[in-house]
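Raw contents of start15.pdb, PDB, C-alpha atoms and all ligand atoms:
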ATOM      1  CA  MET A   1      -5.786 -17.635  10.538  1.00  0.00           C
ATOM      2  CA  GLY A   2      -3.359 -16.773   7.776  1.00  0.00           C
ATOM      3  CA  ILE A   3      -0.115 -14.800   7.925  1.00  0.00           C
ATOM      4  CA  LEU A   4      -1.896 -11.438   8.280  1.00  0.00           C
ATOM      5  CA  THR A   5      -2.958 -10.950  11.883  1.00  0.00           C
ATOM      6  CA  GLU A   6      -6.062  -8.974  12.799  1.00  0.00           C
ATOM      7  CA  GLU A   7      -3.871  -6.046  13.852  1.00  0.00           C
ATOM      8  CA  MET A   8      -1.942  -6.057  10.541  1.00  0.00           C
ATOM      9  CA  GLN A   9      -5.226  -6.156   8.622  1.00  0.00           C
ATOM     10  CA  ARG A  10      -6.694  -3.315  10.669  1.00  0.00           C
ATOM     11  CA  PHE A  11      -3.541  -1.269  10.142  1.00  0.00           C
ATOM     12  CA  VAL A  12      -3.365  -1.766   6.357  1.00  0.00           C
ATOM     13  CA  ARG A  13      -7.098  -1.050   5.939  1.00  0.00           C
ATOM     14  CA  GLU A  14      -6.711   2.132   7.970  1.00  0.00           C
ATOM     15  CA  GLN A  15      -3.614   3.490   6.195  1.00  0.00           C
ATOM     16  CA  LYS A  16      -4.863   3.107   2.593  1.00  0.00           C
ATOM     17  CA  LEU A  17      -1.364   3.613   1.196  1.00  0.00           C
ATOM     18  CA  GLY A  18       1.374   1.126   0.409  1.00  0.00           C
ATOM     19  CA  PHE A  19       4.746   1.601  -1.269  1.00  0.00           C
ATOM     20  CA  VAL A  20       5.249  -1.222  -3.743  1.00  0.00           C
ATOM     21  CA  ALA A  21       8.757  -2.348  -4.664  1.00  0.00           C
ATOM     22  CA  THR A  22       9.435  -4.456  -7.744  1.00  0.00           C
ATOM     23  CA  ILE A  23      12.550  -5.379  -9.714  1.00  0.00           C
ATOM     24  CA  CYS A  24      13.272  -3.908 -13.148  1.00  0.00           C
ATOM     25  CA  ALA A  25      14.692  -6.004 -15.999  1.00  0.00           C
ATOM     26  CA  ASP A  26      18.103  -4.335 -15.483  1.00  0.00           C
ATOM     27  CA  GLY A  27      18.092  -5.297 -11.794  1.00  0.00           C
ATOM     28  CA  THR A  28      17.388  -1.808 -10.497  1.00  0.00           C
ATOM     29  CA  PRO A  29      14.583  -1.247  -7.970  1.00  0.00           C
ATOM     30  CA  ASN A  30      11.214   0.296  -8.765  1.00  0.00           C
ATOM     31  CA  LEU A  31       9.192   1.806  -5.936  1.00  0.00           C
ATOM     32  CA  SER A  32       5.825   3.516  -6.259  1.00  0.00           C
ATOM     33  CA  PRO A  33       2.877   4.371  -4.003  1.00  0.00           C
ATOM     34  CA  LYS A  34      -0.500   2.652  -4.324  1.00  0.00           C
ATOM     35  CA  GLY A  35      -3.368   4.301  -2.463  1.00  0.00           C
ATOM     36  CA  THR A  36      -5.582   1.307  -3.210  1.00  0.00           C
ATOM     37  CA  THR A  37      -3.362  -1.020  -1.174  1.00  0.00           C
ATOM     38  CA  THR A  38      -5.593  -3.000   1.141  1.00  0.00           C
ATOM     39  CA  VAL A  39      -6.336  -6.473   2.520  1.00  0.00           C
ATOM     40  CA  TRP A  40      -7.933  -9.129   0.339  1.00  0.00           C
ATOM     41  CA  ASP A  41      -7.938 -12.002   2.848  1.00  0.00           C
ATOM     42  CA  ASP A  42      -5.836 -13.478   5.689  1.00  0.00           C
ATOM     43  CA  ASP A  43      -2.942 -14.215   3.299  1.00  0.00           C
ATOM     44  CA  HIS A  44      -3.259 -11.631   0.529  1.00  0.00           C
ATOM     45  CA  LEU A  45      -2.920  -7.909  -0.022  1.00  0.00           C
ATOM     46  CA  ILE A  46      -4.344  -6.282  -3.137  1.00  0.00           C
ATOM     47  CA  PHE A  47      -4.017  -3.049  -5.090  1.00  0.00           C
ATOM     48  CA  ALA A  48      -5.654  -1.725  -8.241  1.00  0.00           C
ATOM     49  CA  ASP A  49      -3.592  -0.840 -11.289  1.00  0.00           C
ATOM     50  CA  ILE A  50      -4.814   2.630 -12.218  1.00  0.00           C
ATOM     51  CA  CYS A  51      -1.584   3.997 -13.706  1.00  0.00           C
ATOM     52  CA  SER A  52       1.304   1.681 -12.828  1.00  0.00           C
ATOM     53  CA  PRO A  53       2.862   0.515 -16.106  1.00  0.00           C
ATOM     54  CA  GLY A  54       6.331   0.077 -14.597  1.00  0.00           C
ATOM     55  CA  THR A  55       5.179  -2.048 -11.671  1.00  0.00           C
ATOM     56  CA  ILE A  56       3.020  -4.235 -13.915  1.00  0.00           C
ATOM     57  CA  ALA A  57       5.785  -4.747 -16.519  1.00  0.00           C
ATOM     58  CA  ASN A  58       8.163  -5.767 -13.740  1.00  0.00           C
ATOM     59  CA  LEU A  59       5.695  -8.177 -12.143  1.00  0.00           C
ATOM     60  CA  VAL A  60       5.035  -9.882 -15.485  1.00  0.00           C
ATOM     61  CA  GLN A  61       8.759 -10.720 -15.639  1.00  0.00           C
ATOM     62  CA  ASN A  62       9.306 -11.299 -11.926  1.00  0.00           C
ATOM     63  CA  PRO A  63       6.426 -11.622  -9.413  1.00  0.00           C
ATOM     64  CA  ALA A  64       8.653 -10.856  -6.407  1.00  0.00           C
ATOM     65  CA  VAL A  65       7.298  -7.859  -4.525  1.00  0.00           C
ATOM     66  CA  GLU A  66       7.650  -6.002  -1.241  1.00  0.00           C
ATOM     67  CA  VAL A  67       5.029  -3.624   0.107  1.00  0.00           C
ATOM     68  CA  ASN A  68       5.705  -1.177   2.931  1.00  0.00           C
ATOM     69  CA  VAL A  69       2.780   0.345   4.795  1.00  0.00           C
ATOM     70  CA  VAL A  70       3.835   2.988   7.328  1.00  0.00           C
ATOM     71  CA  ASP A  71       1.785   5.330   9.498  1.00  0.00           C
ATOM     72  CA  PRO A  72       3.481   8.750   9.131  1.00  0.00           C
ATOM     73  CA  ILE A  73       2.087   9.866  12.512  1.00  0.00           C
ATOM     74  CA  THR A  74       2.978   6.930  14.774  1.00  0.00           C
ATOM     75  CA  ARG A  75       6.106   6.184  12.698  1.00  0.00           C
ATOM     76  CA  ARG A  76       5.339   2.468  12.737  1.00  0.00           C
ATOM     77  CA  GLY A  77       4.357  -0.002  10.074  1.00  0.00           C
ATOM     78  CA  TYR A  78       4.902  -3.308   8.342  1.00  0.00           C
ATOM     79  CA  ARG A  79       6.961  -4.714   5.481  1.00  0.00           C
ATOM     80  CA  PHE A  80       5.210  -7.418   3.478  1.00  0.00           C
ATOM     81  CA  LYS A  81       7.177  -9.633   1.121  1.00  0.00           C
ATOM     82  CA  GLY A  82       5.584 -12.034  -1.317  1.00  0.00           C
ATOM     83  CA  GLN A  83       4.583 -13.029  -4.813  1.00  0.00           C
ATOM     84  CA  ALA A  84       2.196 -11.099  -7.024  1.00  0.00           C
ATOM     85  CA  THR A  85      -0.462 -12.361  -9.394  1.00  0.00           C
ATOM     86  CA  ILE A  86      -1.929 -10.033 -11.993  1.00  0.00           C
ATOM     87  CA  VAL A  87      -5.664 -10.590 -12.347  1.00  0.00           C
ATOM     88  CA  ASP A  88      -7.335  -9.029 -15.374  1.00  0.00           C
ATOM     89  CA  GLU A  89     -10.413 -11.166 -16.060  1.00  0.00           C
ATOM     90  CA  GLY A  90     -12.780 -13.756 -14.712  1.00  0.00           C
ATOM     91  CA  ARG A  91     -14.705 -14.227 -11.486  1.00  0.00           C
ATOM     92  CA  LEU A  92     -11.836 -13.100  -9.250  1.00  0.00           C
ATOM     93  CA  PHE A  93     -11.408  -9.848 -11.183  1.00  0.00           C
ATOM     94  CA  GLU A  94     -15.175  -9.174 -10.999  1.00  0.00           C
ATOM     95  CA  ARG A  95     -15.183  -9.861  -7.234  1.00  0.00           C
ATOM     96  CA  ALA A  96     -12.181  -7.570  -6.719  1.00  0.00           C
ATOM     97  CA  MET A  97     -13.783  -4.724  -8.682  1.00  0.00           C
ATOM     98  CA  SER A  98     -17.039  -5.143  -6.791  1.00  0.00           C
ATOM     99  CA  PHE A  99     -15.023  -4.954  -3.571  1.00  0.00           C
ATOM    100  CA  PHE A 100     -13.159  -1.786  -4.645  1.00  0.00           C
ATOM    101  CA  ARG A 101     -16.406  -0.097  -5.758  1.00  0.00           C
ATOM    102  CA  ASN A 102     -18.721  -1.153  -2.933  1.00  0.00           C
ATOM    103  CA  ASP A 103     -16.563  -1.804   0.132  1.00  0.00           C
ATOM    104  CA  TYR A 104     -13.354   0.136  -0.435  1.00  0.00           C
ATOM    105  CA  GLY A 105     -15.109   3.222  -1.789  1.00  0.00           C
ATOM    106  CA  LEU A 106     -13.076   3.677  -4.968  1.00  0.00           C
ATOM    107  CA  SER A 107     -14.784   6.340  -7.053  1.00  0.00           C
ATOM    108  CA  GLU A 108     -16.473   5.242 -10.270  1.00  0.00           C
ATOM    109  CA  ALA A 109     -14.171   7.560 -12.236  1.00  0.00           C
ATOM    110  CA  LEU A 110     -11.105   5.682 -10.970  1.00  0.00           C
ATOM    111  CA  ALA A 111     -12.733   2.229 -11.005  1.00  0.00           C
ATOM    112  CA  ARG A 112     -13.378   2.616 -14.749  1.00  0.00           C
ATOM    113  CA  ARG A 113      -9.633   3.031 -15.278  1.00  0.00           C
ATOM    114  CA  VAL A 114      -8.755  -0.278 -13.589  1.00  0.00           C
ATOM    115  CA  ASP A 115      -8.012  -3.035 -16.114  1.00  0.00           C
ATOM    116  CA  ARG A 116      -6.263  -5.280 -13.643  1.00  0.00           C
ATOM    117  CA  VAL A 117      -5.685  -5.792  -9.949  1.00  0.00           C
ATOM    118  CA  VAL A 118      -2.577  -7.179  -8.289  1.00  0.00           C
ATOM    119  CA  LEU A 119      -3.033  -9.851  -5.660  1.00  0.00           C
ATOM    120  CA  ILE A 120      -0.052 -10.391  -3.383  1.00  0.00           C
ATOM    121  CA  ARG A 121       0.377 -13.622  -1.501  1.00  0.00           C
ATOM    122  CA  VAL A 122       2.310 -12.575   1.575  1.00  0.00           C
ATOM    123  CA  ALA A 123       5.090 -14.960   2.544  1.00  0.00           C
ATOM    124  CA  ARG A 124       6.904 -12.834   5.130  1.00  0.00           C
ATOM    125  CA  VAL A 125       5.958  -9.920   7.358  1.00  0.00           C
ATOM    126  CA  ALA A 126       8.262  -7.765   9.453  1.00  0.00           C
ATOM    127  CA  PRO A 127       7.260  -4.844  11.635  1.00  0.00           C
ATOM    128  CA  VAL A 128       9.103  -1.612  10.911  1.00  0.00           C
ATOM    129  CA  ILE A 129       9.566   1.053  13.543  1.00  0.00           C
ATOM    130  CA  SER A 130      11.257   4.425  13.608  1.00  0.00           C
ATOM    131  CA  PRO A 131      14.492   4.705  15.610  1.00  0.00           C
ATOM    132  CA  ILE A 132      12.843   7.661  17.332  1.00  0.00           C
ATOM    133  CA  TYR A 133      11.486   5.027  19.753  1.00  0.00           C
ATOM    134  CA  ASP A 134      15.074   4.100  20.706  1.00  0.00           C
ATOM    135  CA  THR A 135      15.243   7.441  22.489  1.00  0.00           C
ATOM    136  CA  GLY A 136      12.634   6.287  25.007  1.00  0.00           C
ATOM    137  CA  VAL A 137       9.716   8.424  23.833  1.00  0.00           C
ATOM    138  CA  THR A 138       6.196   7.056  24.111  1.00  0.00           C
ATOM    139  CA  GLU A 139       3.884   6.567  21.138  1.00  0.00           C
ATOM    140  CA  ASP A 140       1.647   9.341  22.498  1.00  0.00           C
ATOM    141  CA  GLU A 141       4.603  11.732  22.409  1.00  0.00           C
ATOM    142  CA  VAL A 142       5.544  10.708  18.848  1.00  0.00           C
ATOM    143  CA  VAL A 143       1.925  11.208  17.746  1.00  0.00           C
ATOM    144  CA  ARG A 144       1.832  14.616  19.445  1.00  0.00           C
ATOM    145  CA  ARG A 145       5.034  15.699  17.680  1.00  0.00           C
ATOM    146  CA  TYR A 146       3.948  14.630  14.201  1.00  0.00           C
ATOM    147  CA  VAL A 147       0.378  15.893  14.467  1.00  0.00           C
ATOM    148  CA  GLU A 148       1.915  19.235  15.445  1.00  0.00           C
ATOM    149  CA  TYR A 149       4.422  19.004  12.587  1.00  0.00           C
ATOM    150  CA  TYR A 150       1.775  18.328   9.919  1.00  0.00           C
ATOM    151  CA  GLU A 151      -0.511  20.965  11.415  1.00  0.00           C
ATOM    152  CA  THR A 152       2.323  23.496  11.096  1.00  0.00           C
ATOM    153  CA  ILE A 153       2.790  22.543   7.443  1.00  0.00           C
ATOM    154  CA  ARG A 154      -0.969  22.825   6.817  1.00  0.00           C
ATOM    155  CA  LYS A 155      -1.024  26.310   8.333  1.00  0.00           C
ATOM    156  CA  GLN A 156       2.011  27.414   6.318  1.00  0.00           C
ATOM    157  CA  ARG A 157       0.327  26.226   3.107  1.00  0.00           C
ATOM    158  CA  ALA A 158      -2.900  27.960   4.040  1.00  0.00           C
ATOM    159  CA  GLY A 159      -0.905  31.114   4.834  1.00  0.00           C
ATOM    160  CA  VAL A 160      -2.291  31.155   8.390  1.00  0.00           C
TER     161      VAL A 160
HETATM  162  C1  LIG A 201      -0.502   8.808  -2.990  1.00  0.00           C
HETATM  163  C2  LIG A 201      -0.523   8.084  -4.299  1.00  0.00           C
HETATM  164  C3  LIG A 201      -1.345   6.987  -4.452  1.00  0.00           C
HETATM  165  C4  LIG A 201      -1.376   6.281  -5.658  1.00  0.00           C
HETATM  166  N1  LIG A 201      -2.174   5.185  -5.789  1.00  0.00           N
HETATM  167  C5  LIG A 201      -2.141   4.444  -6.917  1.00  0.00           C
HETATM  168  C6  LIG A 201      -2.880   3.237  -7.030  1.00  0.00           C
HETATM  169  O1  LIG A 201      -3.572   2.808  -6.111  1.00  0.00           O
HETATM  170  N2  LIG A 201      -2.798   2.544  -8.187  1.00  0.00           N
HETATM  171  C7  LIG A 201      -2.025   2.971  -9.242  1.00  0.00           C
HETATM  172  O2  LIG A 201      -1.973   2.283 -10.254  1.00  0.00           O
HETATM  173  N3  LIG A 201      -1.305   4.106  -9.163  1.00  0.00           N
HETATM  174  C8  LIG A 201      -1.339   4.842  -8.022  1.00  0.00           C
HETATM  175  N4  LIG A 201      -0.594   5.979  -7.924  1.00  0.00           N
HETATM  176  C9  LIG A 201       0.166   6.430  -9.088  1.00  0.00           C
HETATM  177  C10 LIG A 201       1.449   5.664  -9.301  1.00  0.00           C
HETATM  178  O3  LIG A 201       2.166   5.491  -8.098  1.00  0.00           O
HETATM  179  C11 LIG A 201       2.306   6.444 -10.316  1.00  0.00           C
HETATM  180  O4  LIG A 201       1.618   6.542 -11.546  1.00  0.00           O
HETATM  181  C12 LIG A 201       3.664   5.839 -10.483  1.00  0.00           C
HETATM  182  O5  LIG A 201       4.493   6.696 -11.216  1.00  0.00           O
HETATM  183  C13 LIG A 201       3.571   4.481 -11.160  1.00  0.00           C
HETATM  184  O6  LIG A 201       4.859   3.963 -11.244  1.00  0.00           O
HETATM  185  P1  LIG A 201       5.139   2.522 -11.857  1.00  0.00           P
HETATM  186  O7  LIG A 201       4.651   2.563 -13.282  1.00  0.00           O
HETATM  187  O8  LIG A 201       6.589   2.350 -11.716  1.00  0.00           O
HETATM  188  O9  LIG A 201       4.333   1.568 -11.024  1.00  0.00           O
HETATM  189  C14 LIG A 201      -0.571   6.702  -6.737  1.00  0.00           C
HETATM  190  C15 LIG A 201       0.269   7.819  -6.569  1.00  0.00           C
HETATM  191  C16 LIG A 201       0.292   8.497  -5.367  1.00  0.00           C
HETATM  192  C17 LIG A 201       1.211   9.687  -5.213  1.00  0.00           C
END

Could you render the structure as structure tokens?
Amino acid sequence: MGILTEEMQRFVREQKLGFVATICADGTPNLSPKGTTTVWDDDHLIFADICSPGTIANLVQNPAVEVNVVDPITRRGYRFKGQATIVDEGRLFERAMSFFRNDYGLSEALARRVDRVVLIRVARVAPVISPIYDTGVTEDEVVRRYVEYYETIRKQRAGV
């Protein structure tokens, strides 16, 4: 077993969205969402570069990366810190693209735009949890509140 437990892997596969933080040349942070964030193996996360020039430029200079994956309904998640490798050719790239097309379900239209994938070797993981839980509420109650909240937004948008 690697650093990613079965529960972490299940969670990341389910969420399908990670926020990827890198460091710009001037030392400022860069944070952007990657809907292709998923698990590669027991020690690695992966995402596909579809339109992430800033993240890629930063990782070329400095492979340090943090990825946050948070469930907006349960208000829980994980922070993954590690080192990124950009893979743009060879057997590993072919395997990754086959995975995104056949297992992950990335559409062909998007898959054709991927020239590279980013493999992240996770060195540290920390759970992250909303302070709402400090008030003593149960997860069921938090889920109820946020399902209701997003349902209200959906109805407002639909003009219902
Ligand atoms: C929900 C969501 C999911 C996204 N998923 C991806 C992705 O998987 N890969 C990608 O390259 N860009 C993805 N993007 C687009 C990038 O986040 C966006 O182009 C961003 O501005 C890139 O910033 P960067 O160049 O600093 O990385 C996504 C955007 C959103 C809003």

Counting only C-alpha atoms and all ligand atoms, which residues of chain A fall within 6 Å of ligand LIG 201 (chain A), and what is the closest atom pair for each with its distance in Å at one decimal, ordered by chain and rising number, as a Markdown table?
| residue | atom | partner | partner_atom | distance |
| --- | --- | --- | --- | --- |
| A:Asn30 | CA | A:LIG201 | O8 | 5.9 |
| A:Ser32 | CA | A:LIG201 | O3 | 4.5 |
| A:Pro33 | CA | A:LIG201 | O3 | 4.3 |
| A:Lys34 | CA | A:LIG201 | N1 | 3.4 |
| A:Gly35 | CA | A:LIG201 | N1 | 3.6 |
| A:Thr36 | CA | A:LIG201 | O1 | 3.8 |
| A:Phe47 | CA | A:LIG201 | O1 | 6.0 |
| A:Ala48 | CA | A:LIG201 | N2 | 5.1 |
| A:Asp49 | CA | A:LIG201 | O2 | 3.7 |
| A:Ile50 | CA | A:LIG201 | O2 | 3.5 |
| A:Cys51 | CA | A:LIG201 | O2 | 3.9 |
| A:Ser52 | CA | A:LIG201 | O7 | 3.5 |
| A:Pro53 | CA | A:LIG201 | O7 | 3.9 |
| A:Gly54 | CA | A:LIG201 | O7 | 3.3 |
| A:Thr55 | CA | A:LIG201 | O9 | 3.8 |

Which residues are close to Ala64 of chain A, i.e. within 9 Å by all atoms listed in the file, leaving aside same-chain residues fewer than 5 positions away? Reply as a PDB file with C-alpha atoms, keeping the file's coordinate frame.
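Now in selection.pdb:
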ATOM      1  CA  ALA A  21       8.757  -2.348  -4.664  1.00  0.00           C
ATOM      2  CA  THR A  22       9.435  -4.456  -7.744  1.00  0.00           C
ATOM      3  CA  ILE A  23      12.550  -5.379  -9.714  1.00  0.00           C
ATOM      4  CA  ASN A  58       8.163  -5.767 -13.740  1.00  0.00           C
ATOM      5  CA  LEU A  59       5.695  -8.177 -12.143  1.00  0.00           C
ATOM      6  CA  LYS A  81       7.177  -9.633   1.121  1.00  0.00           C
ATOM      7  CA  GLY A  82       5.584 -12.034  -1.317  1.00  0.00           C
ATOM      8  CA  GLN A  83       4.583 -13.029  -4.813  1.00  0.00           C
ATOM      9  CA  ALA A  84       2.196 -11.099  -7.024  1.00  0.00           C
TER      10      ALA A  84
END

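Atom pair atom CA of Asp42 of chain A / atom CA of Arg121 of chain A: separated by 9.5 Å.
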
Item to check | atom CA of Arg75 of chain A to atom CA of Glu141 of chain A, straight-line distance in Å | outcome: 11.3 Å

Next on the checklist: Give me, as a list in words, all polymer residues having an atom no more than 6 Å from Val20 of chain A, counting all atoms listed in the file and skipping those fewer than 2 positions away in the same chain.
Outcome noted: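 In the requested format, the answer is Leu31, Ser32, Glu66 and Val67 of chain A.
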
Checklist entry - Hey, can you check how far atom CA of Arg157 of chain A sits from atom CA of Gly105 of chain A? => result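 Computed distance, atom CA of Arg157 of chain A to atom CA of Gly105 of chain A, equals 28.1 Å.
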
Next on the checklist: So that I can see what lies close to Arg13 of chain A, please list as JSON, numbers by chain the residues with an atom at most 12 Å from it, counting only C-alpha atoms and leaving out residues fewer than 5 positions away in the same chain.
Outcome noted: {"A": [4, 6, 7, 8, 18, 35, 36, 37, 38, 39, 40, 41, 45, 46, 47, 69, 70, 71, 103, 104, 105]}

Using the file's own x, y and z axes, so that the box edges lie along x, y and z, what centre and edge lengths in Å (one decimal) does a box around every listed atom of segment 43-49 of chain A get when 6 Å is added on each side? Give it as lines of an AutoDock Vina configuration file.
center_x = -4.3
center_y = -7.5
center_z = -4.0
size_x = 14.7
size_y = 25.4
size_z = 26.6

Next on the checklist: Is it possible to get the residues within 10 Å of (-9.2, 3.0, -11.6) (coordinates as in the file, counting all atoms listed in the file) written as number ranges by chain?
Outcome noted: A: 36, 48-51, 97, 100-101, 106-117

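Across A:His44, A:Val60, A:Gly77, A:Glu89, the tightest approach to Glu14 of chain A is made by A:Gly77 when counting only C-alpha atoms.
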
Next on the checklist: Give me the residues near Arg79 of chain A as a PyMOL selection string, where near means some atom within 6 Å (using only C-alpha atoms) and where sequence neighbours in that chain fewer than 3 positions away do not count.
Outcome noted: chain A and resi 67-68+125-126

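Distance check against Ile120 of chain A using only C-alpha atoms: of A:Pro72, A:Val160, A:Ile86, A:Phe19, the minimum falls on A:Ile86.
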